[in-house]
Amino acid sequence: MTDRHDLPAGFRWGVSTAAYQVEGAVDEDGRGRSVWDAFCERPGAVKDGESGRVACDHYRRWPQDVGLMRELGVDGYRFSIAWPRVRPTGRGPVNPAGLDFYDRLVDGLLDAGVTPLPTLFHWDLPQALEDGGGWLRRETAFLFAEYAGAVADRLGDRVPAWITLNEPFVHMVYGYALGVHAPGRALMLDALPAAHHQLLAHGLAAAELRARGLGVLVANNLTPVRAASDAPGDRAAADAYDTLHNRLFTDPLLLGRYPDLSAYGVGPDLRGAVRDGDLDLVSGPGLDGLGVNYYNPTRIAAPTEPGLPFAEAPIEGVPRTHFGWPVVPEGLHELLLTLRERYGAALPPITVTENGCSTGDGVDDAFRIDYLAGHLDALARASADGIDVRGYYTWSLLDNFEWAEGYSQRFGLVHVDFATQRRTPKCSFAWYRDLIAAHRTKSAAR
């Protein structure tokens, strides 16, 4: 029987965070204003009116957090760099103090034996760029590439691989189509240019990184899509949703083309955003790895109202996280096999760059242990089935600011008392530490 201890030798164990969710210090050392700073000020936009102004105070307390990683024994730390901390308005001169912070963090990680895996964009666009159109404007992609080059010039001598974008699907849909995340626009299908401009930004930034001899990944939020029944309407709706959620942000990267979006009444130019040569830039020389953020499958039925060509249907008979998300570990195995079937030789090595669950406010989190164990067993089965899996970064090291949910959802291996900033490792922290140690012992004995 294959289980989590059978993951390949050299497998990288890690934890993840994101800048706006943990750093705090939003007004310090020249940091510019981000779309999330502005969004959190909107009445009713974030639960209980909370914000990332302080968050986990990681900006000051990073040495303590690196110490926790050392205690865990992780190989890698996936974090994000705040564009407005480096270029406060998104363009123009670099803010030296902003880069100094990440310079210190990278050195601290390396001293602790932890490999940095930075993400260049995790949703905190400089507000000045959003005021000019944000990701709906093509220029933002080129400014992103300039920012990527500036950061790589400072850190690339110590950071071998980079993630350009985190979950461009979620940022486009929640931020630009539905308006429930920053920047809070509700454009529905008119948000599609934000998809293309994020992917174009990836391609342009990837060229900057590769020119400096650095590895390139993207972290996509992916989900296995299941039709609610075998009825033709449900199956067509599931195909339409799969195209939007999964293929829109993966086909261009791996196949150099957009999928058929005719179910949405949209042509291959994505409402005029795509220009000649863009998809060559997006696909470029390929990816060194595909980051997979997996949380749950999605069940889809035919729509009952006019509008989008699908409707979400509940997944019944499974446990649910504190967030209400269904817990379906085998969905990760299903997803990875689907990716191989779909992309074949074009599929690069896989790293699970996010996977985790929210639980209640407590240190005894047996639910999280069961969640992680089940998903790692599924990942090991995918590896045994021939999928090239290179690593697993659980979400998250710390309880943190969970976007529109404020501080009500706790995903951390470490409990954070947000009033005192006291860190307390949870039971899952010890479990993950012991699992990593046991895997290394087994790998050494092979």
# chains A, B, ... in the order shown; residues from 1 in each chain; ligands from 1
>>> residues_around(residues="Asp3 (chain A)", least_positions_apart="2", cutoff="12 Å", atoms="only C-alpha atoms", output="ChimeraX atom specification")
/A:1,5-8,372-384,435,439
>>> residues_around(residues="Thr424 (chain A)", least_positions_apart="6", cutoff="9 Å", atoms="only C-alpha atoms", output="PyMOL selection string")
chain A and resi 363+413-417
>>> write_last_selection(atoms="all heavy atoms", output="mmCIF file, in the first residue's frame")
data_model
loop_
_atom_site.group_PDB
_atom_site.id
_atom_site.type_symbol
_atom_site.label_atom_id
_atom_site.label_comp_id
_atom_site.auth_asym_id
_atom_site.auth_seq_id
_atom_site.Cartn_x
_atom_site.Cartn_y
_atom_site.Cartn_z
ATOM 1 N N VAL A 363 -5.276 24.852 19.477
ATOM 2 C CA VAL A 363 -3.983 24.226 19.209
ATOM 3 C C VAL A 363 -4.148 22.744 18.901
ATOM 4 O O VAL A 363 -3.354 22.166 18.152
ATOM 5 C CB VAL A 363 -3.040 24.454 20.411
ATOM 6 C CG1 VAL A 363 -1.750 23.657 20.253
ATOM 7 C CG2 VAL A 363 -2.734 25.944 20.571
ATOM 8 N N LEU A 413 -0.182 25.929 10.785
ATOM 9 C CA LEU A 413 0.412 24.929 11.667
ATOM 10 C C LEU A 413 0.756 25.559 13.010
ATOM 11 O O LEU A 413 0.953 24.847 14.007
ATOM 12 C CB LEU A 413 1.693 24.359 11.046
ATOM 13 C CG LEU A 413 1.579 23.637 9.700
ATOM 14 C CD1 LEU A 413 2.972 23.256 9.201
ATOM 15 C CD2 LEU A 413 0.687 22.415 9.795
ATOM 16 N N VAL A 414 0.848 26.886 13.009
ATOM 17 C CA VAL A 414 1.184 27.643 14.216
ATOM 18 C C VAL A 414 0.024 28.574 14.534
ATOM 19 O O VAL A 414 -0.415 29.345 13.681
ATOM 20 C CB VAL A 414 2.484 28.453 14.015
ATOM 21 C CG1 VAL A 414 2.771 29.317 15.235
ATOM 22 C CG2 VAL A 414 3.657 27.523 13.726
ATOM 23 N N HIS A 415 -0.474 28.493 15.755
ATOM 24 C CA HIS A 415 -1.535 29.389 16.211
ATOM 25 C C HIS A 415 -0.948 30.770 16.491
ATOM 26 O O HIS A 415 0.120 30.893 17.100
ATOM 27 C CB HIS A 415 -2.179 28.833 17.486
ATOM 28 C CG HIS A 415 -3.280 29.679 18.037
ATOM 29 N ND1 HIS A 415 -3.041 30.748 18.876
ATOM 30 C CD2 HIS A 415 -4.623 29.629 17.870
ATOM 31 C CE1 HIS A 415 -4.195 31.307 19.204
ATOM 32 N NE2 HIS A 415 -5.171 30.638 18.604
ATOM 33 N N VAL A 416 -1.633 31.794 16.023
ATOM 34 C CA VAL A 416 -1.217 33.168 16.287
ATOM 35 C C VAL A 416 -2.311 33.853 17.097
ATOM 36 O O VAL A 416 -3.472 33.895 16.681
ATOM 37 C CB VAL A 416 -0.957 33.946 14.980
ATOM 38 C CG1 VAL A 416 -0.582 35.395 15.298
ATOM 39 C CG2 VAL A 416 0.150 33.276 14.166
ATOM 40 N N ASP A 417 -1.932 34.376 18.255
ATOM 41 C CA ASP A 417 -2.814 35.244 19.026
ATOM 42 C C ASP A 417 -2.617 36.647 18.467
ATOM 43 O O ASP A 417 -1.578 37.276 18.700
ATOM 44 C CB ASP A 417 -2.437 35.179 20.508
ATOM 45 C CG ASP A 417 -3.347 36.036 21.389
ATOM 46 O OD1 ASP A 417 -3.795 37.106 20.915
ATOM 47 O OD2 ASP A 417 -3.582 35.658 22.540
#
>>> select_by_dssp(residues="region 50-153 of chain A", states="strand (DSSP E)", output="ChimeraX atom specification")
/A:76-80,115-121
>>> residues_around(residues="region 120-122 of chain A", least_positions_apart="6", cutoff="7 Å", atoms="only C-alpha atoms", output="compact mmCIF listing (two decimals) with N, CA, C and O atoms, in the first residue's frame")
# COMPACT_ATOMS: atom_id res chain seq x y z
N ALA A 18 1.85 34.43 2.36
CA ALA A 18 1.80 35.49 1.36
C ALA A 18 1.96 36.83 2.06
O ALA A 18 1.54 37.00 3.21
N SER A 80 5.64 35.42 -0.53
CA SER A 80 5.51 36.33 -1.65
C SER A 80 6.18 37.65 -1.35
O SER A 80 6.33 38.05 -0.19
N ILE A 81 6.59 38.30 -2.41
CA ILE A 81 7.21 39.62 -2.33
C ILE A 81 6.13 40.65 -2.67
O ILE A 81 5.41 40.50 -3.66
N ALA A 148 9.97 42.37 -11.72
CA ALA A 148 10.57 41.05 -11.57
C ALA A 148 12.07 41.10 -11.78
O ALA A 148 12.85 40.50 -11.03
N ILE A 163 8.35 31.74 -8.48
CA ILE A 163 6.98 31.65 -8.95
C ILE A 163 6.56 33.05 -9.39
O ILE A 163 6.70 34.01 -8.63
N THR A 164 6.09 33.17 -10.62
CA THR A 164 5.70 34.49 -11.10
C THR A 164 4.36 34.92 -10.51
O THR A 164 4.25 35.98 -9.90
N LEU A 165 3.33 34.09 -10.69
CA LEU A 165 1.97 34.45 -10.29
C LEU A 165 1.38 33.41 -9.35
O LEU A 165 1.64 32.21 -9.50
N ASN A 166 0.57 33.86 -8.43
CA ASN A 166 -0.23 32.95 -7.62
C ASN A 166 -1.69 33.04 -8.04
O ASN A 166 -2.30 34.12 -8.03
>>> closest_residue(among="A:Ala182, A:Val352, A:Ala301, A:Val282", to="Val225 (chain A)", atoms="only C-alpha atoms")
A:Ala301
>>> residues_around(residues="Tyr102 (chain A)", least_positions_apart="4", cutoff="12 Å", atoms="only C-alpha atoms", output="ChimeraX atom specification")
/A:19,23,58-60,62,79-83,85-86,95-98,106-109,116-120,151-152,154-156,158-159
>>> select_by_dssp(residues="region 108-274 of chain A", states="helix (DSSP H, G or I)", output="NGL selection string")
:A and (108-111 or 127-131 or 134-136 or 139-155 or 168-177 or 188-211 or 232-247 or 251-255 or 262-264)
>>> residues_around(residues="Gly233 (chain A)", least_positions_apart="4", cutoff="9 Å", atoms="only C-alpha atoms", output="JSON, numbers by chain")
{"A": [229, 237, 238, 301, 302, 303]}
>>> write_last_selection(atoms="N, CA and C atoms", output="short mmCIF file (atom, residue, chain, number, x, y, z; two decimals), in the first residue's frame")
data_model
loop_
_atom_site.label_atom_id
_atom_site.label_comp_id
_atom_site.auth_asym_id
_atom_site.auth_seq_id
_atom_site.Cartn_x
_atom_site.Cartn_y
_atom_site.Cartn_z
N SER A 229 -24.34 14.89 -12.80
CA SER A 229 -24.96 13.66 -13.30
C SER A 229 -24.43 13.39 -14.69
N ALA A 237 -22.05 21.57 -18.89
CA ALA A 237 -21.76 22.61 -17.91
C ALA A 237 -20.42 22.35 -17.22
N ALA A 238 -20.15 21.08 -16.87
CA ALA A 238 -18.88 20.74 -16.24
C ALA A 238 -17.71 21.03 -17.17
N ALA A 301 -23.42 21.55 -12.26
CA ALA A 301 -24.68 21.17 -12.90
C ALA A 301 -25.02 22.19 -13.98
N ALA A 302 -25.99 21.84 -14.80
CA ALA A 302 -26.48 22.78 -15.80
C ALA A 302 -27.12 23.98 -15.11
N PRO A 303 -27.00 25.15 -15.69
CA PRO A 303 -27.57 26.34 -15.04
C PRO A 303 -29.09 26.31 -15.06
#
>>> closest_residue(among="A:Pro306, A:Gly272, A:Gly49, A:Gly289", to="Leu217 (chain A)", atoms="only C-alpha atoms")
A:Gly289
